[in-house]
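Structure first, then comments.
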Amino acid sequence: MLKRYLHIICLLALPILCIAQNNQLIDAAGAKKIDSLKRQILPQNSDSGRITVMNNIGFFYETLNADSSVKYYQAALDIAMQRGIAWGEARLMASLSGTLRQQGRLAEALDLLFKSIKIAKDNNLSFDLARAYRRTGDVYYDLDNFPKAVEYTLQAVNIDEQKENKINAAIDHWSLSDAYEKMHKLDSAIFHLDKAFTQNDLLKNFIQSFYEINGNIQAKKGNYEEAHNSYTEGLKFAQQNSDLATSSRICADISTLLKETNRKDSAIFYATKGFAYSQEASFKKGIMLSGNLLAELYDSSQPVTALKYFKIAAAAKDSLFGVDNIQTIQNLVSREEAKQKELEDAQISYHNRLKVYGLLTGLAALLVIAFILYGNNKQKQKANIVLQQQKQKVESTLSELKSTQAQLIQSEKMASLGELTAGIAHEIQNPLNFVNNFSEVNKEMIEEATEEIDKGNTAEVKNILNNIKDNSEKINHHGKRADAIVKGMMQHSQKNSGQKELTDINALADEYLRLSYHGMRAKDKSFNAILKTDFDEDLSSVGGKINIIPQDIGRVLLNLYNNAFFAVNEKKKTANENYQPLVSVRTKKLTDKVEIKVSDNGNGIPQNIVDKIFQPFFTTKPTGQGTGLGLSLSYDIIKVHGGEIKVESKEDEGSVFIVQLPLPQAP
């Protein structure tokens with residue numbers, strides 16, 4: 001007991017040591033409130049009371065001083081775990097996850113939330129279960145997995161509305177609105193935002209987030225003045241509520257809006273403010289967003305400053321979405337799904353046992369009835385034989401089920417391994433095909449040269465030798481490209497080290513279209529498709545070139561072309577004889593950006609999975625023909641270039657992938 005009180009006293013001393021910093025973050029009213037909360041800890045007569053007060057202190061610090069928030073939450077969680085207070089464990093794990101999420105420690109946050117969900121379920125804690133679901137949705141939101149965020153948040157809103165918890169239900173609708181806005185489902189976003197706003201009098205501390213989401217919706221609708229007004233109102237409330245994290249996001253939103261409307265100086269001002277707020281709150285995602293904005297805004301005028309912010313943003317992104325973090329999160333999700341599968345299997349097994357017991361009970365009853373009715377040994381023997389046969393049949397069935405289950409588990413493991421391996425092989429197949437093809441062509445040309453030498457045709461020999469030289473250079477080029485692709489696959493989600501340069505996007509698009517087509521032909525000699533190009537000539541002029549990393553954008557184009565050829569080839573297998581596979585690419589110079597459209601007349605993408613295609617490891621290709629990394633990597637590359645990639649698709653008609661890249665700003 002004494003040890004525990006000493007622990008609490010040490011915790012109380014912590015803010016005193018950091019008082020200089022905290023005074024910068026908390027206004028007079030906030031400081032008075034936090035002092036009042038701290039004084040409530042020791043007088044509490046129960047562990048539950050201390051846990052509640054410390055949880056409130058941790059929440060107060062959450063958007064102001066992440067380190068202080070973590071320490072208070074962790075201390076309260078320690079008490080709950082030592083005393084076996086289930087509701088305290090569930091609540092503090094979910095609370096702590098919020099601050100860890102803000103610090104960019106997404107894997108740790110997700111691990112705590114899965115534990116919180118289990119404790120809440122085991123102890124029928126509906127309030128804490130809904131809260132854990134909602135915060136799990138928030139983590140998936142940070143991972144840009146918005147469909148998964150919606151899935152968990154819908155579970156939260158169902159519980160909160162059933163329990164008539166109006167405040168939490170309003171927060172749930174606010175979270176759903178935010179996710180749907182990011183998924184470009186603006187009608188759904190507006191619906192949930194309106195439902196949340198009906199409780200605005202209960203959510204005064206969160207009102208800034210409503211204005212932020214509304215500003216995002218209006219910006220996407222093109223209502224820039226309304227968006228700016230909404231952001232300004234939200235920033236005012238965020239500062240009144242000492243909410244540094246939301247202040248950071250709104251400043252980034254305003255900066256983005258100003259950048260889009262060519263007000264660079266104002267954009268830099270708000271991006272700088274947002275960056276400062278993010279650093280004060282240790283808000284990693286805010287640091288990444290504001291840092292990227294500043295890097296883009298300073299790129300043409302102050303390259304040294306731009307590089308500084310670019311490196312800071314890249315470090316923040318790596319801490320959030322680095323390979324190790326993503327792999328850890330994938331493992332956590334896999335383990336959680338495995339646990340859910342085990343629970344479902346256990347329930348199925350339980351029901352099966354009940355059925356078996358029922359069958360055995362019925363058979364026993366039949367035997368009793370037979371014994372009573374016939375009372376003769378012969379009938380009893382027949383009944384015993386029947387019973388034995390049934391028993392053997394049940395045992396045989398159970399044995400087959402266990403064997404099938406083991407085979408399925410092993411098949412799934414091998415399928416996952418095979419899918420990843422085949423995906424990497426698929427990515428490097430094109431350059432290897434070109435190496436093989438040009439090698440074969442060189443062999444044929446050498447034979448032709450030999451024949452021409454015999455004929456004494458020196459001019460033709462020189463022409464053939466020049467062609468052989470060109471092919472050798474291509475072999476070397478594609479060999480190096482295969483090596484680059486392998487390294488790029490291993491560095492998925494990490495920052496590319498290539499340098500930007502002014503590039504003729506028409507030439508790049510045309511080159512990779514031919515490379516992809518010939519690569520497809522190399523794998524399948526029977527494959528044919530119509531290639532259609534429509535290039536904007538202005539983009540080939542000096543003033544029309546764009547500032548990109550050519551090898552990265554080339555990788556994006558190659559992936560889109562490969563997917564298009566795959567789609568039309570799949571449709572050709574089932575379409576009638578009049579079907580002609582068609583893949584087209586079109587470039588167009590817009591006001592401040594370049595648009596590239598890659599179209600095909602394949603089977604299209606089902607609407608229920610369109611929102612998932614840019615997620616890492618998601619693929620619709622058969623096992624062994626795709627890893628699900630191509631479009632995810634393409635998405636990351638385009639975002640790093642400050643652009644956008646989206647898809648329009650209709651089933652049985654085809655798909656159009658649209659890439660938009662910014663044009664260099666005039667000096």
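We name chains A, B, ... following the order of the structure tokens; residues begin at 1 in each chain, and ligands are numbered from 1 as shown.
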Using only C-alpha atoms, which protein or nucleic acid residues come within 6 Å of range 208-218 of chain A? Drop anything in the same chain fewer than 4 positions from it, and give the result as a ChimeraX atom specification. /A:223,227,230-231,234,237-238
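Excluding Gly479 in chain A itself and any same-chain residue fewer than 6 positions from it, the protein and nucleic acid residues within 9 Å of it, counting only C-alpha atoms, are A:Pro431, A:Leu432, A:Phe434, A:Val435.
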Take the residues just selected and output them with N, CA and C atoms as a PDB file, in the first residue's frame.
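Writing done, so here's out.pdb:
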ATOM      1  N   PRO A 431      11.181  -6.438 -67.229  1.00  0.00           N
ATOM      2  CA  PRO A 431      12.573  -6.188 -67.653  1.00  0.00           C
ATOM      3  C   PRO A 431      13.326  -7.467 -68.015  1.00  0.00           C
ATOM      4  N   LEU A 432      13.022  -8.571 -67.313  1.00  0.00           N
ATOM      5  CA  LEU A 432      13.691  -9.833 -67.660  1.00  0.00           C
ATOM      6  C   LEU A 432      13.271 -10.302 -69.054  1.00  0.00           C
ATOM      7  N   PHE A 434      12.447  -8.366 -71.527  1.00  0.00           N
ATOM      8  CA  PHE A 434      13.161  -7.558 -72.508  1.00  0.00           C
ATOM      9  C   PHE A 434      14.616  -8.012 -72.648  1.00  0.00           C
ATOM     10  N   VAL A 435      15.246  -8.360 -71.533  1.00  0.00           N
ATOM     11  CA  VAL A 435      16.623  -8.864 -71.593  1.00  0.00           C
ATOM     12  C   VAL A 435      16.683 -10.105 -72.478  1.00  0.00           C
TER      13      VAL A 435
END
Could you name the residues that touch Met183 in chain A at 8 Å or less, counting only C-alpha atoms, but leaving out those on the same chain fewer than 2 positions away, as an MDAnalysis selection string? chainID A and resid 146 179:181 185 611
Report, in Å with one decimal, the straight-line distance from CA of Glu653 in chain A to CA of Asn601 in chain A. 5.6 Å
According to DSSP computed on the backbone, where in range 91-250 of chain A is there alpha helix (DSSP H)? Give the residues as a PyMOL selection string. chain A and resi 91-102+106-122+126-142+146-162+166-182+186-197+207-221+224-240+244-250
Residues within 8 Å of Ser541 in chain A, only C-alpha atoms, excluding chain neighbours under 4 positions, as a count of residues only: 3
Considering only C-alpha atoms, return as a ChimeraX atom specification whatever protein or nucleic-acid residues lie within 9 Å of range 249-256 of chain A, sequence-local ones (same chain, fewer than 2 positions apart) excluded. /A:208-209,212,215-216,227-228,231-232,234-235,238,244-247,258-261,263-264,266-275,277-278,285-286,289-290,293
Residue subset to file, keeping N, CA, C and O atoms, as a compact mmCIF listing (two decimals), in the first residue's frame:
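Done, and the output landed in part_26.txt:
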# COMPACT_ATOMS: atom_id res chain seq x y z
N GLN A 208 -14.62 22.29 -32.57
CA GLN A 208 -13.68 22.68 -33.61
C GLN A 208 -13.57 21.61 -34.71
O GLN A 208 -13.39 21.94 -35.88
N SER A 209 -13.74 20.35 -34.30
CA SER A 209 -13.62 19.27 -35.30
C SER A 209 -14.80 19.27 -36.27
O SER A 209 -14.65 18.89 -37.43
N GLU A 212 -13.97 21.76 -38.86
CA GLU A 212 -12.89 21.26 -39.72
C GLU A 212 -13.43 20.32 -40.79
O GLU A 212 -13.12 20.46 -41.97
N GLY A 215 -15.42 22.15 -43.33
CA GLY A 215 -14.52 22.85 -44.25
C GLY A 215 -13.96 21.92 -45.31
O GLY A 215 -13.88 22.29 -46.49
N ASN A 216 -13.58 20.69 -44.91
CA ASN A 216 -13.07 19.71 -45.88
C ASN A 216 -14.13 19.37 -46.93
O ASN A 216 -13.84 19.24 -48.12
N ALA A 227 -15.53 27.06 -47.24
CA ALA A 227 -14.54 26.20 -46.59
C ALA A 227 -13.61 27.04 -45.71
O ALA A 227 -13.34 26.68 -44.55
N HIS A 228 -13.14 28.15 -46.24
CA HIS A 228 -12.22 29.01 -45.48
C HIS A 228 -12.90 29.55 -44.22
O HIS A 228 -12.31 29.57 -43.13
N TYR A 231 -13.13 26.71 -41.66
CA TYR A 231 -11.83 26.43 -41.05
C TYR A 231 -11.48 27.52 -40.02
O TYR A 231 -10.98 27.21 -38.92
N THR A 232 -11.74 28.78 -40.37
CA THR A 232 -11.40 29.89 -39.46
C THR A 232 -12.18 29.77 -38.16
O THR A 232 -11.63 29.97 -37.07
N GLY A 234 -13.41 27.00 -36.92
CA GLY A 234 -12.90 25.83 -36.20
C GLY A 234 -11.60 26.13 -35.49
O GLY A 234 -11.37 25.69 -34.35
N LEU A 235 -10.71 26.90 -36.14
CA LEU A 235 -9.42 27.26 -35.52
C LEU A 235 -9.64 28.10 -34.26
O LEU A 235 -8.94 27.95 -33.26
N ALA A 238 -10.71 25.72 -31.57
CA ALA A 238 -9.60 24.84 -31.19
C ALA A 238 -8.64 25.57 -30.24
O ALA A 238 -8.15 25.00 -29.26
N LEU A 244 -4.31 21.60 -29.41
CA LEU A 244 -3.19 21.85 -30.33
C LEU A 244 -3.23 20.94 -31.55
O LEU A 244 -2.88 21.35 -32.65
N ALA A 245 -3.63 19.66 -31.34
CA ALA A 245 -3.63 18.71 -32.47
C ALA A 245 -4.61 19.17 -33.54
O ALA A 245 -4.28 19.20 -34.74
N THR A 246 -5.84 19.52 -33.13
CA THR A 246 -6.82 19.98 -34.11
C THR A 246 -6.41 21.33 -34.71
O THR A 246 -6.61 21.59 -35.89
N SER A 247 -5.81 22.20 -33.89
CA SER A 247 -5.30 23.47 -34.41
C SER A 247 -4.29 23.21 -35.53
O SER A 247 -4.30 23.89 -36.57
N LEU A 258 -5.29 27.68 -49.37
CA LEU A 258 -4.63 28.88 -49.89
C LEU A 258 -3.66 28.54 -51.01
O LEU A 258 -3.50 29.29 -51.98
N LYS A 259 -2.97 27.38 -50.87
CA LYS A 259 -2.04 26.94 -51.92
C LYS A 259 -2.80 26.66 -53.22
O LYS A 259 -2.35 27.03 -54.31
N GLU A 260 -3.97 26.04 -53.09
CA GLU A 260 -4.77 25.73 -54.26
C GLU A 260 -5.25 27.01 -54.96
O GLU A 260 -5.47 27.01 -56.17
N THR A 261 -5.44 28.06 -54.19
CA THR A 261 -5.91 29.32 -54.76
C THR A 261 -4.76 30.31 -54.99
O THR A 261 -4.98 31.53 -55.06
N ARG A 263 -2.32 31.54 -53.14
CA ARG A 263 -1.94 32.55 -52.14
C ARG A 263 -0.80 31.96 -51.30
O ARG A 263 -1.00 31.51 -50.17
N LYS A 264 0.38 31.95 -51.90
CA LYS A 264 1.51 31.22 -51.35
C LYS A 264 1.96 31.74 -49.99
O LYS A 264 2.22 30.98 -49.07
N SER A 266 0.38 33.43 -47.65
CA SER A 266 -0.58 33.08 -46.59
C SER A 266 -0.55 31.58 -46.30
O SER A 266 -0.68 31.15 -45.16
N ALA A 267 -0.35 30.80 -47.35
CA ALA A 267 -0.27 29.35 -47.17
C ALA A 267 0.93 28.98 -46.29
O ALA A 267 0.84 28.13 -45.40
N ILE A 268 2.07 29.65 -46.53
CA ILE A 268 3.26 29.39 -45.72
C ILE A 268 3.01 29.79 -44.27
O ILE A 268 3.40 29.07 -43.32
N PHE A 269 2.33 30.90 -44.07
CA PHE A 269 2.04 31.37 -42.70
C PHE A 269 1.26 30.33 -41.91
O PHE A 269 1.62 29.97 -40.79
N TYR A 270 0.18 29.80 -42.50
CA TYR A 270 -0.65 28.82 -41.78
C TYR A 270 0.06 27.47 -41.65
O TYR A 270 -0.08 26.77 -40.63
N ALA A 271 0.80 27.07 -42.67
CA ALA A 271 1.53 25.81 -42.58
C ALA A 271 2.57 25.86 -41.45
O ALA A 271 2.77 24.89 -40.71
N THR A 272 3.21 27.04 -41.30
CA THR A 272 4.20 27.21 -40.23
C THR A 272 3.54 27.14 -38.85
O THR A 272 4.05 26.53 -37.92
N LYS A 273 2.37 27.78 -38.73
CA LYS A 273 1.62 27.71 -37.46
C LYS A 273 1.24 26.26 -37.15
O LYS A 273 1.38 25.79 -36.02
N GLY A 274 0.74 25.56 -38.17
CA GLY A 274 0.33 24.16 -37.97
C GLY A 274 1.51 23.30 -37.56
O GLY A 274 1.38 22.41 -36.71
N PHE A 275 2.67 23.56 -38.16
CA PHE A 275 3.87 22.80 -37.82
C PHE A 275 4.25 23.03 -36.36
O PHE A 275 4.60 22.10 -35.63
N TYR A 277 2.26 23.98 -33.85
CA TYR A 277 1.28 23.32 -32.99
C TYR A 277 1.55 21.82 -32.90
O TYR A 277 1.46 21.21 -31.83
N SER A 278 1.88 21.20 -34.04
CA SER A 278 2.14 19.75 -34.07
C SER A 278 3.33 19.39 -33.19
O SER A 278 3.31 18.39 -32.48
N LYS A 285 1.36 12.92 -37.09
CA LYS A 285 0.69 13.05 -38.38
C LYS A 285 0.60 14.52 -38.77
O LYS A 285 0.74 14.88 -39.94
N GLY A 286 0.39 15.40 -37.78
CA GLY A 286 0.38 16.83 -38.06
C GLY A 286 1.74 17.32 -38.53
O GLY A 286 1.84 18.17 -39.42
N LEU A 289 2.05 16.24 -42.16
CA LEU A 289 1.23 17.03 -43.08
C LEU A 289 1.80 18.44 -43.26
O LEU A 289 2.00 18.91 -44.38
N SER A 290 2.06 19.12 -42.13
CA SER A 290 2.56 20.50 -42.22
C SER A 290 3.96 20.53 -42.83
O SER A 290 4.29 21.43 -43.61
N LEU A 293 3.68 20.18 -46.57
CA LEU A 293 3.17 21.43 -47.14
C LEU A 293 4.29 22.47 -47.25
O LEU A 293 4.46 23.12 -48.29
Residue contacts of Ala314 in chain A (9 Å, only C-alpha atoms) excluding same-chain residues fewer than 2 positions away, as a PyMOL selection string: chain A and resi 288+291-292+309-312+316-319+494-495
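CA of Lys593 in chain A lies 29.6 Å from CA of Thr619 in chain A.
Atom pair CA of Tyr512 in chain A / CA of Val583 in chain A: separated by 12.9 Å.
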